[in-house]
>>> print(open('coords-v9.pdb').read())   # PDB, C-alpha atoms, pLDDT in the B column
ATOM      1  CA  ALA D   2    -210.094  49.390 152.299  1.00 93.00           C
ATOM      2  CA  LEU D   3    -211.435  47.292 149.414  1.00 93.00           C
ATOM      3  CA  SER D   4    -208.581  48.053 147.050  1.00 93.00           C
ATOM      4  CA  SER D   5    -205.951  47.291 149.703  1.00 94.00           C
ATOM      5  CA  ARG D   6    -207.844  44.210 150.966  1.00 95.00           C
ATOM      6  CA  ASN D   7    -207.941  45.710 154.452  1.00 96.00           C
ATOM      7  CA  MET D   8    -210.921  43.853 155.838  1.00 96.00           C
ATOM      8  CA  THR D   9    -210.321  45.073 159.382  1.00 96.00           C
ATOM      9  CA  GLN D  10    -210.714  48.642 158.164  1.00 97.00           C
ATOM     10  CA  LEU D  11    -213.693  47.682 155.995  1.00 97.00           C
ATOM     11  CA  SER D  12    -215.409  45.951 158.915  1.00 97.00           C
ATOM     12  CA  GLN D  13    -215.476  49.271 160.798  1.00 97.00           C
ATOM     13  CA  VAL D  14    -217.930  50.690 158.246  1.00 97.00           C
ATOM     14  CA  VAL D  15    -220.094  47.557 158.000  1.00 98.00           C
ATOM     15  CA  HIS D  16    -223.623  48.040 159.336  1.00 98.00           C
ATOM     16  CA  PRO D  17    -223.661  46.799 162.962  1.00 96.00           C
ATOM     17  CA  GLY D  18    -227.091  45.175 162.647  1.00 95.00           C
ATOM     18  CA  GLU D  19    -227.561  44.256 158.995  1.00 95.00           C
ATOM     19  CA  GLY D  20    -224.018  43.181 158.211  1.00 97.00           C
ATOM     20  CA  LEU D  21    -222.660  43.282 154.657  1.00 98.00           C
ATOM     21  CA  ARG D  22    -224.368  41.576 151.704  1.00 98.00           C
ATOM     22  CA  PHE D  23    -222.277  40.472 148.706  1.00 97.00           C
ATOM     23  CA  SER D  24    -224.197  40.251 145.427  1.00 96.00           C
ATOM     24  CA  PRO D  25    -222.299  38.859 142.410  1.00 95.00           C
ATOM     25  CA  TYR D  26    -224.610  40.808 140.108  1.00 92.00           C
ATOM     26  CA  ASN D  27    -226.764  43.905 140.466  1.00 92.00           C
ATOM     27  CA  TYR D  28    -229.838  41.789 141.049  1.00 92.00           C
ATOM     28  CA  VAL D  29    -229.843  41.502 144.855  1.00 95.00           C
ATOM     29  CA  ARG D  30    -231.178  38.194 146.158  1.00 93.00           C
ATOM     30  CA  THR D  31    -232.721  38.577 149.612  1.00 93.00           C
ATOM     31  CA  GLU D  32    -234.505  35.222 149.810  1.00 90.00           C
ATOM     32  CA  LYS D  33    -233.271  32.415 152.065  1.00 83.00           C
ATOM     33  CA  ASN D  34    -230.093  30.980 150.520  1.00 80.00           C
ATOM     34  CA  GLY D  35    -229.784  34.174 148.461  1.00 87.00           C
ATOM     35  CA  ASP D  36    -226.760  36.467 148.571  1.00 94.00           C
ATOM     36  CA  ARG D  37    -224.171  35.961 151.306  1.00 96.00           C
ATOM     37  CA  VAL D  38    -224.364  38.299 154.298  1.00 97.00           C
ATOM     38  CA  PHE D  39    -221.530  38.596 156.834  1.00 98.00           C
ATOM     39  CA  ASN D  40    -221.418  40.453 160.136  1.00 98.00           C
ATOM     40  CA  ARG D  41    -218.541  42.767 161.121  1.00 96.00           C
ATOM     41  CA  ARG D  42    -216.546  40.043 162.855  1.00 97.00           C
ATOM     42  CA  GLN D  43    -216.891  37.688 159.899  1.00 97.00           C
ATOM     43  CA  VAL D  44    -215.862  40.411 157.424  1.00 98.00           C
ATOM     44  CA  THR D  45    -212.570  40.890 159.293  1.00 97.00           C
ATOM     45  CA  GLY D  46    -211.498  37.300 158.609  1.00 96.00           C
ATOM     46  CA  LEU D  47    -212.841  36.748 155.088  1.00 97.00           C
ATOM     47  CA  PHE D  48    -209.488  36.626 153.283  1.00 96.00           C
ATOM     48  CA  ALA D  49    -208.133  34.042 155.744  1.00 95.00           C
ATOM     49  CA  ASP D  50    -211.314  31.944 155.502  1.00 96.00           C
ATOM     50  CA  ARG D  51    -210.706  28.849 153.329  1.00 96.00           C
ATOM     51  CA  LYS D  52    -214.366  27.808 153.320  1.00 97.00           C
ATOM     52  CA  LYS D  53    -216.016  27.638 149.910  1.00 97.00           C
ATOM     53  CA  TYR D  54    -219.330  29.479 150.028  1.00 96.00           C
ATOM     54  CA  LEU D  55    -222.219  29.359 147.599  1.00 94.00           C
ATOM     55  CA  TRP D  56    -222.533  32.931 146.297  1.00 95.00           C
ATOM     56  CA  GLY D  57    -225.279  32.390 143.730  1.00 90.00           C
ATOM     57  CA  GLU D  58    -225.358  31.194 140.155  1.00 88.00           C
ATOM     58  CA  ASP D  59    -223.200  32.235 137.232  1.00 86.00           C
ATOM     59  CA  ASP D  60    -225.463  34.181 134.889  1.00 81.00           C
ATOM     60  CA  SER D  61    -223.936  32.813 131.691  1.00 77.00           C
ATOM     61  CA  SER D  62    -223.743  29.109 132.616  1.00 83.00           C
ATOM     62  CA  GLY D  63    -226.201  28.735 135.487  1.00 81.00           C
ATOM     63  CA  ASP D  64    -223.492  26.905 137.411  1.00 89.00           C
ATOM     64  CA  PRO D  65    -223.216  27.527 141.151  1.00 92.00           C
ATOM     65  CA  ILE D  66    -220.683  30.166 142.164  1.00 95.00           C
ATOM     66  CA  ARG D  67    -218.936  28.168 144.880  1.00 96.00           C
ATOM     67  CA  MET D  68    -215.596  29.580 145.981  1.00 97.00           C
ATOM     68  CA  THR D  69    -213.609  31.069 148.826  1.00 98.00           C
ATOM     69  CA  PHE D  70    -214.008  34.754 149.540  1.00 98.00           C
ATOM     70  CA  ALA D  71    -210.508  35.468 148.154  1.00 97.00           C
ATOM     71  CA  ARG D  72    -211.499  34.021 144.800  1.00 97.00           C
ATOM     72  CA  TYR D  73    -214.937  35.671 144.901  1.00 97.00           C
ATOM     73  CA  TYR D  74    -213.224  39.013 145.581  1.00 97.00           C
ATOM     74  CA  ARG D  75    -211.023  38.585 142.479  1.00 96.00           C
ATOM     75  CA  HIS D  76    -214.003  37.780 140.237  1.00 94.00           C
ATOM     76  CA  TYR D  77    -216.997  39.619 141.725  1.00 95.00           C
ATOM     77  CA  VAL D  78    -215.707  42.487 143.844  1.00 96.00           C
ATOM     78  CA  PHE D  79    -212.418  43.943 142.625  1.00 94.00           C
ATOM     79  CA  ASP D  80    -211.835  42.370 139.212  1.00 93.00           C
ATOM     80  CA  HIS D  81    -210.714  45.850 138.131  1.00 91.00           C
ATOM     81  CA  ASP D  82    -209.362  48.724 140.177  1.00 94.00           C
ATOM     82  CA  PHE D  83    -212.645  50.472 140.838  1.00 94.00           C
ATOM     83  CA  SER D  84    -210.828  53.154 142.843  1.00 94.00           C
ATOM     84  CA  ARG D  85    -209.735  54.369 139.385  1.00 93.00           C
ATOM     85  CA  ALA D  86    -213.161  54.118 137.747  1.00 93.00           C
ATOM     86  CA  LYS D  87    -213.741  56.575 134.924  1.00 86.00           C
ATOM     87  CA  GLN D  88    -217.259  57.324 136.150  1.00 94.00           C
ATOM     88  CA  VAL D  89    -218.708  57.493 139.652  1.00 95.00           C
ATOM     89  CA  SER D  90    -222.383  58.019 140.382  1.00 94.00           C
ATOM     90  CA  TYR D  91    -223.882  59.005 143.730  1.00 95.00           C
ATOM     91  CA  ASN D  92    -227.579  58.019 143.907  1.00 92.00           C
ATOM     92  CA  GLY D  93    -227.785  58.407 140.143  1.00 81.00           C
ATOM     93  CA  GLU D  94    -229.179  56.360 137.304  1.00 80.00           C
ATOM     94  CA  THR D  95    -227.563  52.962 136.830  1.00 77.00           C
ATOM     95  CA  MET D  96    -224.712  53.261 134.347  1.00 73.00           C
ATOM     96  CA  GLY D  97    -223.943  49.554 134.031  1.00 67.00           C
ATOM     97  CA  ARG D  98    -226.772  47.984 132.053  1.00 68.00           C
ATOM     98  CA  GLY D  99    -226.963  44.523 130.601  1.00 69.00           C
ATOM     99  CA  THR D 100    -229.422  41.667 130.534  1.00 66.00           C
ATOM    100  CA  ILE D 101    -229.790  41.551 134.324  1.00 79.00           C
ATOM    101  CA  ILE D 102    -232.388  43.934 135.677  1.00 83.00           C
ATOM    102  CA  SER D 103    -231.039  45.805 138.681  1.00 88.00           C
ATOM    103  CA  ASN D 104    -233.233  45.719 141.769  1.00 92.00           C
ATOM    104  CA  ILE D 105    -230.835  47.602 144.055  1.00 94.00           C
ATOM    105  CA  ARG D 106    -233.222  50.537 144.489  1.00 95.00           C
ATOM    106  CA  GLU D 107    -236.174  48.238 145.225  1.00 95.00           C
ATOM    107  CA  VAL D 108    -234.263  46.271 147.871  1.00 96.00           C
ATOM    108  CA  TYR D 109    -232.617  49.359 149.364  1.00 96.00           C
ATOM    109  CA  PRO D 110    -235.087  52.248 148.798  1.00 95.00           C
ATOM    110  CA  GLN D 111    -233.601  54.495 151.533  1.00 95.00           C
ATOM    111  CA  ALA D 112    -229.954  53.710 150.803  1.00 97.00           C
ATOM    112  CA  ILE D 113    -227.125  55.757 149.410  1.00 98.00           C
ATOM    113  CA  VAL D 114    -225.905  53.937 146.298  1.00 97.00           C
ATOM    114  CA  VAL D 115    -222.506  54.710 144.818  1.00 97.00           C
ATOM    115  CA  GLU D 116    -221.647  53.133 141.467  1.00 95.00           C
ATOM    116  CA  TYR D 117    -218.079  52.899 140.185  1.00 96.00           C
ATOM    117  CA  HIS D 118    -218.229  52.268 136.447  1.00 94.00           C
ATOM    118  CA  PHE D 119    -216.025  51.517 133.469  1.00 90.00           C
ATOM    119  CA  ASP D 120    -217.711  51.826 130.042  1.00 84.00           C
ATOM    120  CA  GLY D 121    -215.448  49.130 128.661  1.00 70.00           C
ATOM    121  CA  PHE D 122    -211.842  48.244 128.143  1.00 71.00           C
ATOM    122  CA  GLU D 123    -211.400  47.141 124.523  1.00 73.00           C
ATOM    123  CA  GLU D 124    -212.886  49.009 121.594  1.00 79.00           C
ATOM    124  CA  LYS D 125    -213.565  45.787 119.685  1.00 81.00           C
ATOM    125  CA  TYR D 126    -216.254  44.843 122.242  1.00 67.00           C
ATOM    126  CA  GLY D 127    -218.204  48.062 121.739  1.00 72.00           C
ATOM    127  CA  GLY D 128    -218.836  48.584 125.438  1.00 60.00           C
ATOM    128  CA  MET D 129    -220.022  45.040 126.102  1.00 76.00           C
ATOM    129  CA  ASP D 130    -217.042  44.591 128.425  1.00 76.00           C
ATOM    130  CA  TRP D 131    -218.315  47.212 130.882  1.00 87.00           C
ATOM    131  CA  LYS D 132    -217.912  46.680 134.645  1.00 91.00           C
ATOM    132  CA  SER D 133    -219.541  48.309 137.661  1.00 93.00           C
ATOM    133  CA  LEU D 134    -219.233  48.030 141.403  1.00 96.00           C
ATOM    134  CA  TRP D 135    -222.026  49.327 143.620  1.00 97.00           C
ATOM    135  CA  LEU D 136    -221.430  50.239 147.259  1.00 98.00           C
ATOM    136  CA  ILE D 137    -224.703  50.461 149.158  1.00 98.00           C
ATOM    137  CA  PHE D 138    -225.007  52.354 152.450  1.00 98.00           C
ATOM    138  CA  GLY D 139    -227.772  52.162 155.034  1.00 97.00           C
ATOM    139  CA  LYS D 140    -228.391  54.316 158.067  1.00 97.00           C
ATOM    140  CA  ALA D 141    -228.253  53.247 161.705  1.00 95.00           C
ATOM    141  CA  GLY D 142    -229.020  56.098 164.060  1.00 94.00           C
ATOM    142  CA  SER D 143    -227.277  59.147 162.627  1.00 95.00           C
ATOM    143  CA  ARG D 144    -224.474  57.228 160.841  1.00 97.00           C
ATOM    144  CA  TRP D 145    -224.255  55.595 157.434  1.00 98.00           C
ATOM    145  CA  TYR D 146    -222.797  52.099 157.112  1.00 98.00           C
ATOM    146  CA  LEU D 147    -221.924  49.779 154.262  1.00 98.00           C
ATOM    147  CA  ILE D 148    -224.701  47.199 153.815  1.00 98.00           C
ATOM    148  CA  GLY D 149    -224.086  45.889 150.319  1.00 98.00           C
ATOM    149  CA  ILE D 150    -221.528  45.362 147.601  1.00 98.00           C
ATOM    150  CA  ALA D 151    -222.876  44.409 144.184  1.00 96.00           C
ATOM    151  CA  HIS D 152    -220.918  43.727 141.018  1.00 94.00           C
ATOM    152  CA  GLY D 153    -222.065  44.155 137.459  1.00 88.00           C
ATOM    153  CA  GLU D 154    -220.876  43.261 133.990  1.00 85.00           C
ATOM    154  CA  TRP D 155    -222.372  42.380 130.651  1.00 74.00           C
ATOM    155  CA  THR D 156    -224.053  38.996 130.916  1.00 70.00           C
ATOM    156  CA  VAL D 157    -225.839  36.748 128.448  1.00 60.00           C
TER     157      VAL D 157
END
>>> encode(input="coords-v9.pdb", output="structure tokens")
Amino acid sequence: ALSSRNMTQLSQVVHPGEGLRFSPYNYVRTEKNGDRVFNRRQVTGLFADRKKYLWGEDDSSGDPIRMTFARYYRHYVFDHDFSRAKQVSYNGETMGRGTIISNIREVYPQAIVVEYHFDGFEEKYGGMDWKSLWLIFGKAGSRWYLIGIAHGEWTV
């Protein structure tokens, strides 16, 4: 659903109570005015939504990340085809490591965390151009639902 931008399909797996949190980095911000959280209905219409949201701050510049969801998706969700990731981890150790300390496990201690990871793309960068996408699942009743999408890359 993510790779084909099918938000209607994606909304069907979004947690019915918690909604879906988008974190531009693997440090999840739960405070008021932290990461953006959308309910199922809102997720369905995100690509058509022209509103510019505040998604956080750019780690390298400190500038606000203010953009539409379509642009956010291109930069902080599917900036590479993670369905073709070279490495996939299910509740494993974090593969994508940079200067940002991941707090995914602290925020979501009971979650299933799936990381899609690329070690890097160009040899000249020595792995500093790595990228990861984390899909975070929480339980409601006997079913698991998507509660978070976090993105990671080398930051300064």
>>> residues_around(input="coords-v9.pdb", residues="Arg75 (chain D)", least_positions_apart="6", cutoff="12 Å", atoms="all atoms listed in the file", output="JSON list (two decimals) with C-alpha atoms, in the frame of the given file")
[["chain", "number", "residue", "atom", "x", "y", "z"],
["D", 3, "LEU", "CA", -211.44, 47.29, 149.41],
["D", 4, "SER", "CA", -208.58, 48.05, 147.05],
["D", 6, "ARG", "CA", -207.84, 44.21, 150.97],
["D", 25, "PRO", "CA", -222.30, 38.86, 142.41],
["D", 48, "PHE", "CA", -209.49, 36.63, 153.28],
["D", 68, "MET", "CA", -215.60, 29.58, 145.98],
["D", 69, "THR", "CA", -213.61, 31.07, 148.83],
["D", 81, "HIS", "CA", -210.71, 45.85, 138.13],
["D", 82, "ASP", "CA", -209.36, 48.72, 140.18],
["D", 152, "HIS", "CA", -220.92, 43.73, 141.02]]
>>> closest_residue(input="coords-v9.pdb", among="D:Glu32, D:Glu154, D:Glu116, D:Asp59", to="Val89 (chain D)", atoms="all atoms listed in the file")
D:Glu116
>>> resolve_selection(input="coords-v9.pdb", expression="the PyMOL selection byres ((chain D and resi 140) around 12)", output="PyMOL selection string")
chain D and resi 14-20+109-113+137-139+141-148
>>> write_last_selection(input="coords-v9.pdb", atoms="C-alpha atoms", output="mmCIF file, keeping the file's coordinate frame")
data_model
loop_
_atom_site.group_PDB
_atom_site.id
_atom_site.type_symbol
_atom_site.label_atom_id
_atom_site.label_comp_id
_atom_site.auth_asym_id
_atom_site.auth_seq_id
_atom_site.Cartn_x
_atom_site.Cartn_y
_atom_site.Cartn_z
ATOM 1 C CA VAL D 14 -217.930 50.690 158.246
ATOM 2 C CA VAL D 15 -220.094 47.557 158.000
ATOM 3 C CA HIS D 16 -223.623 48.040 159.336
ATOM 4 C CA PRO D 17 -223.661 46.799 162.962
ATOM 5 C CA GLY D 18 -227.091 45.175 162.647
ATOM 6 C CA GLU D 19 -227.561 44.256 158.995
ATOM 7 C CA GLY D 20 -224.018 43.181 158.211
ATOM 8 C CA TYR D 109 -232.617 49.359 149.364
ATOM 9 C CA PRO D 110 -235.087 52.248 148.798
ATOM 10 C CA GLN D 111 -233.601 54.495 151.533
ATOM 11 C CA ALA D 112 -229.954 53.710 150.803
ATOM 12 C CA ILE D 113 -227.125 55.757 149.410
ATOM 13 C CA ILE D 137 -224.703 50.461 149.158
ATOM 14 C CA PHE D 138 -225.007 52.354 152.450
ATOM 15 C CA GLY D 139 -227.772 52.162 155.034
ATOM 16 C CA ALA D 141 -228.253 53.247 161.705
ATOM 17 C CA GLY D 142 -229.020 56.098 164.060
ATOM 18 C CA SER D 143 -227.277 59.147 162.627
ATOM 19 C CA ARG D 144 -224.474 57.228 160.841
ATOM 20 C CA TRP D 145 -224.255 55.595 157.434
ATOM 21 C CA TYR D 146 -222.797 52.099 157.112
ATOM 22 C CA LEU D 147 -221.924 49.779 154.262
ATOM 23 C CA ILE D 148 -224.701 47.199 153.815
#
>>> resolve_selection(input="coords-v9.pdb", expression="the PyMOL selection byres ((chain D and resi 42) around 10)", output="mmCIF file with C-alpha atoms, keeping the file's coordinate frame")
data_model
loop_
_atom_site.group_PDB
_atom_site.id
_atom_site.type_symbol
_atom_site.label_atom_id
_atom_site.label_comp_id
_atom_site.auth_asym_id
_atom_site.auth_seq_id
_atom_site.Cartn_x
_atom_site.Cartn_y
_atom_site.Cartn_z
ATOM 1 C CA MET D 8 -210.921 43.853 155.838
ATOM 2 C CA THR D 9 -210.321 45.073 159.382
ATOM 3 C CA SER D 12 -215.409 45.951 158.915
ATOM 4 C CA GLN D 13 -215.476 49.271 160.798
ATOM 5 C CA VAL D 15 -220.094 47.557 158.000
ATOM 6 C CA PRO D 17 -223.661 46.799 162.962
ATOM 7 C CA GLY D 20 -224.018 43.181 158.211
ATOM 8 C CA PHE D 39 -221.530 38.596 156.834
ATOM 9 C CA ASN D 40 -221.418 40.453 160.136
ATOM 10 C CA ARG D 41 -218.541 42.767 161.121
ATOM 11 C CA GLN D 43 -216.891 37.688 159.899
ATOM 12 C CA VAL D 44 -215.862 40.411 157.424
ATOM 13 C CA THR D 45 -212.570 40.890 159.293
ATOM 14 C CA GLY D 46 -211.498 37.300 158.609
ATOM 15 C CA LEU D 47 -212.841 36.748 155.088
#
>>> atom_distance(input="coords-v9.pdb", atom1="CA of Ala151 (chain D)", atom2="CA of Ala2 (chain D)")
15.9 Å
>>> resolve_selection(input="coords-v9.pdb", expression="the PyMOL selection byres ((chain D and resi 108) around 9)", output="PyMOL selection string")
chain D and resi 29-31+104-107+109-110
>>> axis_aligned_box(input="coords-v9.pdb", around="region 144-154 of chain D", padding_each_side="5 Å", output="lines of an AutoDock Vina configuration file")
center_x = -222.8
center_y = 50.2
center_z = 147.4
size_x = 13.8
size_y = 24.0
size_z = 36.9
>>> atom_distance(input="coords-v9.pdb", atom1="CA of Arg85 (chain D)", atom2="CA of Ile102 (chain D)")
25.2 Å
>>> closest_residue(input="coords-v9.pdb", among="D:Phe119, D:Phe70, D:Tyr54, D:Trp135", to="Gln88 (chain D)", atoms="all atoms listed in the file")
D:Phe119
>>> atom_distance(input="coords-v9.pdb", atom1="CA of Tyr28 (chain D)", atom2="CA of Ile101 (chain D)")
6.7 Å
>>> residues_around(input="coords-v9.pdb", residues="Arg37 (chain D)", least_positions_apart="5", cutoff="9 Å", atoms="only C-alpha atoms", output="list in words")
Leu21, Arg22, Phe23, Ser24, Arg30, Tyr54, Leu55, Trp56 and Gly57 of chain D
>>> closest_residue(input="coords-v9.pdb", among="D:Gln10, D:Glu58, D:Arg51, D:Ser90", to="Ala71 (chain D)", atoms="only C-alpha atoms")
D:Arg51
